[in-house]
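**Student:** Just one file: protein22.cif, with mmCIF, C-alpha atoms.
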```cif
data_input
#
loop_
_atom_site.label_atom_id
_atom_site.label_comp_id
_atom_site.auth_asym_id
_atom_site.auth_seq_id
_atom_site.Cartn_x
_atom_site.Cartn_y
_atom_site.Cartn_z
CA ARG A 1 150.44 19.58 -55.52
CA LYS A 2 152.38 21.75 -57.95
CA GLU A 3 150.89 22.21 -61.39
CA VAL A 4 154.14 21.14 -63.05
CA GLU A 5 156.82 19.09 -61.32
CA GLN A 6 160.34 18.15 -62.26
CA ASP A 7 163.13 16.33 -60.46
CA PRO A 8 165.60 19.17 -59.76
CA GLY A 9 168.61 16.86 -60.09
CA PRO A 10 171.45 17.40 -60.59
CA PHE A 11 171.91 14.59 -63.04
CA ASN A 12 175.64 13.96 -63.42
CA VAL A 13 176.30 11.81 -66.48
CA PRO A 14 179.45 10.93 -68.41
CA GLU A 15 179.94 12.11 -71.96
CA GLY A 16 178.27 9.80 -74.42
CA ALA A 17 175.63 8.61 -71.98
CA THR A 18 171.89 8.64 -72.55
CA VAL A 19 169.84 10.56 -70.02
CA ALA A 20 166.10 11.02 -69.61
CA PHE A 21 164.08 13.60 -67.71
CA ASN A 22 160.41 13.46 -66.83
CA CYS A 23 158.00 16.24 -66.09
CA THR A 24 154.56 15.62 -64.61
CA TYR A 25 151.59 17.95 -64.87
CA SER A 26 148.44 17.98 -62.80
CA ASN A 27 145.88 19.64 -65.07
CA SER A 28 144.38 17.14 -67.49
CA ALA A 29 143.13 20.03 -69.64
CA SER A 30 146.72 21.01 -70.50
CA GLN A 31 147.08 21.35 -74.22
CA SER A 32 150.62 22.17 -75.26
CA PHE A 33 153.98 21.12 -73.95
CA PHE A 34 157.52 22.31 -74.44
CA TRP A 35 161.08 21.75 -73.33
CA TYR A 36 163.35 24.72 -72.79
CA ARG A 37 167.05 24.80 -72.07
CA GLN A 38 168.46 27.41 -69.70
CA ASP A 39 172.16 28.03 -69.23
CA CYS A 40 173.39 29.54 -65.98
CA ARG A 41 172.20 33.15 -65.59
CA LYS A 42 170.80 33.20 -69.15
CA GLU A 43 167.29 33.20 -70.56
CA PRO A 44 165.39 30.00 -71.37
CA LYS A 45 165.68 28.92 -74.99
CA LEU A 46 163.06 26.84 -76.71
CA LEU A 47 164.46 23.37 -77.29
CA MET A 48 161.46 21.59 -78.75
CA SER A 49 157.72 21.30 -78.72
CA VAL A 50 156.23 18.01 -77.55
CA TYR A 51 153.61 16.45 -79.76
CA SER A 52 151.23 13.61 -79.00
CA SER A 53 153.03 11.42 -81.52
CA GLY A 54 156.41 12.26 -80.02
CA ASN A 55 159.12 14.11 -81.87
CA GLU A 56 162.81 13.88 -82.43
CA ASP A 57 165.44 16.47 -83.22
CA GLY A 58 168.88 14.99 -83.65
CA ARG A 59 169.97 13.54 -80.32
CA PHE A 60 166.86 14.82 -78.53
CA THR A 61 163.56 12.98 -78.33
CA ALA A 62 160.45 14.26 -76.60
CA GLN A 63 157.42 12.18 -75.67
CA LEU A 64 154.00 12.94 -74.25
CA ASN A 65 151.98 10.51 -72.15
CA ARG A 66 148.54 12.02 -71.64
CA ALA A 67 147.19 9.04 -69.71
CA SER A 68 149.84 9.38 -67.03
CA GLN A 69 150.17 13.14 -67.48
CA TYR A 70 153.86 13.46 -68.07
CA ILE A 71 156.28 14.50 -70.75
CA SER A 72 159.80 13.24 -71.18
CA LEU A 73 163.03 14.36 -72.78
CA LEU A 74 165.67 11.88 -73.85
CA ILE A 75 169.17 13.01 -74.73
CA ARG A 76 171.39 10.50 -76.46
CA ASP A 77 175.17 10.65 -76.77
CA SER A 78 175.45 13.48 -74.22
CA LYS A 79 177.93 16.25 -74.96
CA LEU A 80 179.66 18.55 -72.51
CA SER A 81 177.73 21.39 -74.14
CA ASP A 82 174.43 19.77 -73.08
CA SER A 83 175.16 20.81 -69.48
CA ALA A 84 172.33 23.16 -68.56
CA THR A 85 169.01 23.26 -66.75
CA TYR A 86 166.10 21.79 -68.69
CA LEU A 87 162.72 23.35 -68.04
CA CYS A 88 159.44 21.83 -69.06
CA ALA A 89 156.55 24.15 -69.86
CA VAL A 90 152.86 23.30 -69.95
CA VAL A 91 150.14 25.43 -71.50
CA ARG A 92 146.69 25.19 -70.00
CA GLY A 93 143.76 25.58 -72.33
CA GLY A 94 141.86 28.80 -72.25
CA GLY A 95 141.72 32.26 -73.71
CA TYR A 96 145.32 33.16 -73.02
CA GLN A 97 148.71 31.62 -73.07
CA LYS A 98 149.28 30.85 -69.41
CA VAL A 99 152.47 28.91 -69.58
CA THR A 100 153.48 27.14 -66.39
CA PHE A 101 157.10 26.14 -66.02
CA GLY A 102 158.61 23.48 -63.85
CA THR A 103 161.52 24.36 -61.61
CA GLY A 104 163.94 22.70 -64.02
CA THR A 105 166.25 19.71 -63.98
CA LYS A 106 169.96 20.41 -63.87
CA LEU A 107 172.16 18.28 -66.11
CA GLN A 108 175.92 18.14 -65.74
CA VAL A 109 177.78 16.16 -68.39
CA ILE A 110 181.22 15.19 -67.14
CA PRO A 111 184.24 14.27 -69.26
CA GLU B 1 169.63 35.07 -80.91
CA THR B 2 165.87 35.45 -80.62
CA GLY B 3 165.62 39.12 -81.53
CA VAL B 4 163.87 39.92 -78.23
CA THR B 5 165.68 42.66 -76.36
CA GLN B 6 165.28 43.93 -72.81
CA SER B 7 166.60 46.91 -70.92
CA PRO B 8 168.25 47.50 -68.61
CA THR B 9 170.27 44.31 -68.07
CA HIS B 10 170.81 44.97 -64.38
CA LEU B 11 169.14 47.26 -61.89
CA ILE B 12 169.50 47.94 -58.19
CA LYS B 13 166.61 49.60 -56.37
CA THR B 14 165.67 50.33 -52.79
CA ARG B 15 162.60 48.91 -51.08
CA GLY B 16 159.56 51.12 -51.69
CA GLN B 17 160.83 52.51 -54.99
CA GLN B 18 159.24 52.00 -58.39
CA VAL B 19 160.83 50.42 -61.47
CA THR B 20 160.08 50.19 -65.20
CA LEU B 21 161.50 47.41 -67.33
CA ARG B 22 161.34 47.40 -71.12
CA CYS B 23 161.07 44.78 -73.80
CA SER B 24 161.14 44.83 -77.60
CA SER B 25 159.49 41.87 -79.26
CA GLN B 26 160.89 39.83 -82.06
CA SER B 27 159.91 41.23 -85.44
CA GLY B 28 156.51 39.92 -86.52
CA HIS B 29 155.47 38.93 -82.98
CA ASN B 30 152.41 40.63 -81.50
CA THR B 31 152.12 38.89 -78.13
CA VAL B 32 154.32 39.55 -75.13
CA SER B 33 154.41 37.75 -71.80
CA TRP B 34 156.33 38.74 -68.70
CA TYR B 35 157.82 36.30 -66.21
CA GLN B 36 159.58 36.54 -62.87
CA GLN B 37 162.29 33.99 -62.18
CA ALA B 38 163.68 33.74 -58.67
CA LEU B 39 166.94 31.92 -58.09
CA GLY B 40 166.53 28.17 -58.42
CA GLN B 41 162.95 28.43 -59.66
CA GLY B 42 161.24 28.24 -63.01
CA PRO B 43 159.82 31.38 -64.58
CA GLN B 44 156.51 32.47 -63.02
CA PHE B 45 153.91 34.00 -65.34
CA ILE B 46 153.10 37.63 -64.49
CA PHE B 47 150.85 38.67 -67.38
CA GLN B 48 150.49 38.71 -71.14
CA TYR B 49 149.69 41.48 -73.60
CA TYR B 50 148.13 41.10 -77.00
CA ARG B 51 147.32 44.08 -79.22
CA GLU B 52 147.91 46.49 -76.33
CA GLU B 53 145.45 44.75 -74.02
CA GLU B 54 146.19 42.56 -70.99
CA ASN B 55 145.23 39.08 -72.04
CA GLY B 56 145.77 37.13 -68.83
CA ARG B 57 147.42 37.49 -65.46
CA GLY B 58 149.18 35.20 -63.00
CA ASN B 59 149.13 35.42 -59.22
CA PHE B 60 150.85 38.76 -58.88
CA PRO B 61 149.50 41.78 -56.97
CA PRO B 62 148.23 44.92 -58.74
CA ARG B 63 151.48 46.75 -58.03
CA PHE B 64 152.78 44.76 -61.02
CA SER B 65 151.38 46.45 -64.11
CA GLY B 66 152.24 46.60 -67.75
CA LEU B 67 151.77 48.24 -71.10
CA GLN B 68 152.09 47.21 -74.69
CA PHE B 69 152.64 49.80 -77.40
CA PRO B 70 151.47 49.86 -81.04
CA ASN B 71 154.88 48.60 -82.17
CA TYR B 72 154.36 45.62 -79.78
CA SER B 73 157.13 46.67 -77.42
CA SER B 74 156.18 46.40 -73.78
CA GLU B 75 156.87 47.69 -70.28
CA LEU B 76 156.62 46.07 -66.89
CA ASN B 77 156.12 48.46 -63.97
CA VAL B 78 156.51 47.46 -60.37
CA ASN B 79 155.49 49.86 -57.59
CA ALA B 80 156.39 49.77 -53.90
CA LEU B 81 159.27 47.36 -54.42
CA GLU B 82 159.76 44.63 -51.84
CA LEU B 83 162.88 42.60 -51.12
CA ASP B 84 161.17 39.50 -52.56
CA ASP B 85 160.86 41.25 -55.91
CA SER B 86 164.56 40.62 -56.45
CA ALA B 87 164.65 38.27 -59.43
CA LEU B 88 165.34 37.91 -63.13
CA TYR B 89 162.49 39.44 -65.13
CA LEU B 90 161.99 37.88 -68.52
CA CYS B 91 159.81 38.90 -71.40
CA ALA B 92 158.87 36.46 -74.09
CA SER B 93 157.26 37.15 -77.43
CA SER B 94 155.24 34.89 -79.67
CA LYS B 95 153.90 35.27 -83.15
CA GLU B 96 150.22 35.12 -82.35
CA VAL B 97 148.09 34.78 -79.28
CA GLY B 98 147.30 31.22 -80.34
CA SER B 99 150.93 30.25 -80.75
CA TYR B 100 152.48 28.85 -77.62
CA GLU B 101 156.08 28.87 -78.79
CA GLN B 102 157.68 31.71 -76.89
CA TYR B 103 161.06 33.32 -77.41
CA PHE B 104 162.70 34.95 -74.44
CA GLY B 105 164.77 38.07 -74.11
CA PRO B 106 167.95 38.05 -72.02
CA GLY B 107 166.15 39.36 -68.98
CA THR B 108 166.62 42.17 -66.49
CA ARG B 109 168.18 41.22 -63.18
CA LEU B 110 166.55 43.33 -60.47
CA THR B 111 168.02 43.57 -57.01
CA VAL B 112 165.99 45.25 -54.28
CA THR B 113 167.93 46.30 -51.16
#
```
Just give me the structure as structure tokens.

**Tutor:**
Amino acid sequence: RKEVEQDPGPFNVPEGATVAFNCTYSNSASQSFFWYRQDCRKEPKLLMSVYSSGNEDGRFTAQLNRASQYISLLIRDSKLSDSATYLCAVVRGGGYQKVTFGTGTKLQVIP
Amino acid sequence: ETGVTQSPTHLIKTRGQQVTLRCSSQSGHNTVSWYQQALGQGPQFIFQYYREEENGRGNFPPRFSGLQFPNYSSELNVNALELDDSALYLCASSKEVGSYEQYFGPGTRLTVT
């Protein structure tokens, strides 16, 4: 089983729709969680950290479910500019920052 | 922009050759991690440097090596290049070794023929 798993998609959604992605992780000792956005042939960009209490940034909401070992990203009122690949990243506890990324979920917002 | 820069942007090498990739961290960041991203995959952790010392390593062979300099810039060296080394190589800096928020440079796209 992969340490971090994501549905590769693609998710094709109309503008204005709400879309949610999940990311599961296998190591219960994982401590920190992030969502990154990656545009085609560009570097990943930090979208948001995921806190135990959940967090929201505008149209984006991230949640953590430690019991079921997954994190989620909800995008409301999708824009064409949201089209990208969304990577989840999980940090395992320990003496160094070993960040494990999922393979990413591709989102295509269509007019 | 994150302030993390990498050079070169593209590189073509032949199997068996050696390559050095460079990264300048964002100002105020003292930790650098290197990742390999193959097409259609997420970034794979190669290693991390903190205060000029390797601070952790992923599942990459010893022919992948690195350096960090006093100004926190970094190099990734790959010896005896193989075709499978063709990928986007990303460096990411973070403010402290205990901070997990990483900011990526634009990457170097390496093609091995």

**Student:** With 10 Å as the limit and counting all atoms listed in the file, what residues in chain A lie close to chain B? Please list them as a ChimeraX atom specification.

**Tutor:** /A:8,31-34,36,38,41-46,48-49,85-91,94-105

**Student:** Can you work out which one of B:His29, B:Leu81, B:Glu96, B:Asn59 has the shortest atom-to-atom distance to Ile12 of chain B, counting all atoms listed in the file?

**Tutor:**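 Of B:His29, B:Leu81, B:Glu96, B:Asn59, the one nearest Ile12 of chain B is B:Leu81, counting all atoms listed in the file.
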
**Student:** Which is closest to Val19 of chain A among A:Gln6, A:Ser81, A:Asn55, A:Ser72, if we use all atoms listed in the file?

**Tutor:**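 Going through A:Gln6, A:Ser81, A:Asn55, A:Ser72 one by one, the smallest distance to Val19 of chain A is for A:Ser72.
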
**Student:** Around (169.2, 8.5, -72.3), as given in the file, which residues come within 12 Å? Count only C-alpha atoms and list them as a ChimeraX atom specification.

**Tutor:** /A:11,13-22,59-62,72-79,107

**Student:** Give me the residues within 7 Å of Gln68 of chain B as a list in words, counting all atoms listed in the file and dropping any in the same chain fewer than 5 places off.

**Tutor:**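 In the requested format, the answer is Tyr49, Glu52, Ser73, Ser74 and Glu75 of chain B.
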
**Student:** For atom CA of Gln6 of chain B and atom CA of Leu21 of chain B, determine how far apart the two atoms are, in Å to one decimal place.

**Tutor:** 7.5 Å

**Student:** For atom CA of Gln36 of chain B and atom CA of Asn27 of chain A, determine how far apart the two atoms are, in Å to one decimal place.

**Tutor:**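 Atom CA of Asn27 of chain A lies 21.9 Å from atom CA of Gln36 of chain B.
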
**Student:** Could you work out how far atom CA of Ser24 of chain B lies from atom CA of Pro61 of chain B, giving the answer in Å with one decimal?

**Tutor:**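 Those two atoms sit 23.9 Å apart.
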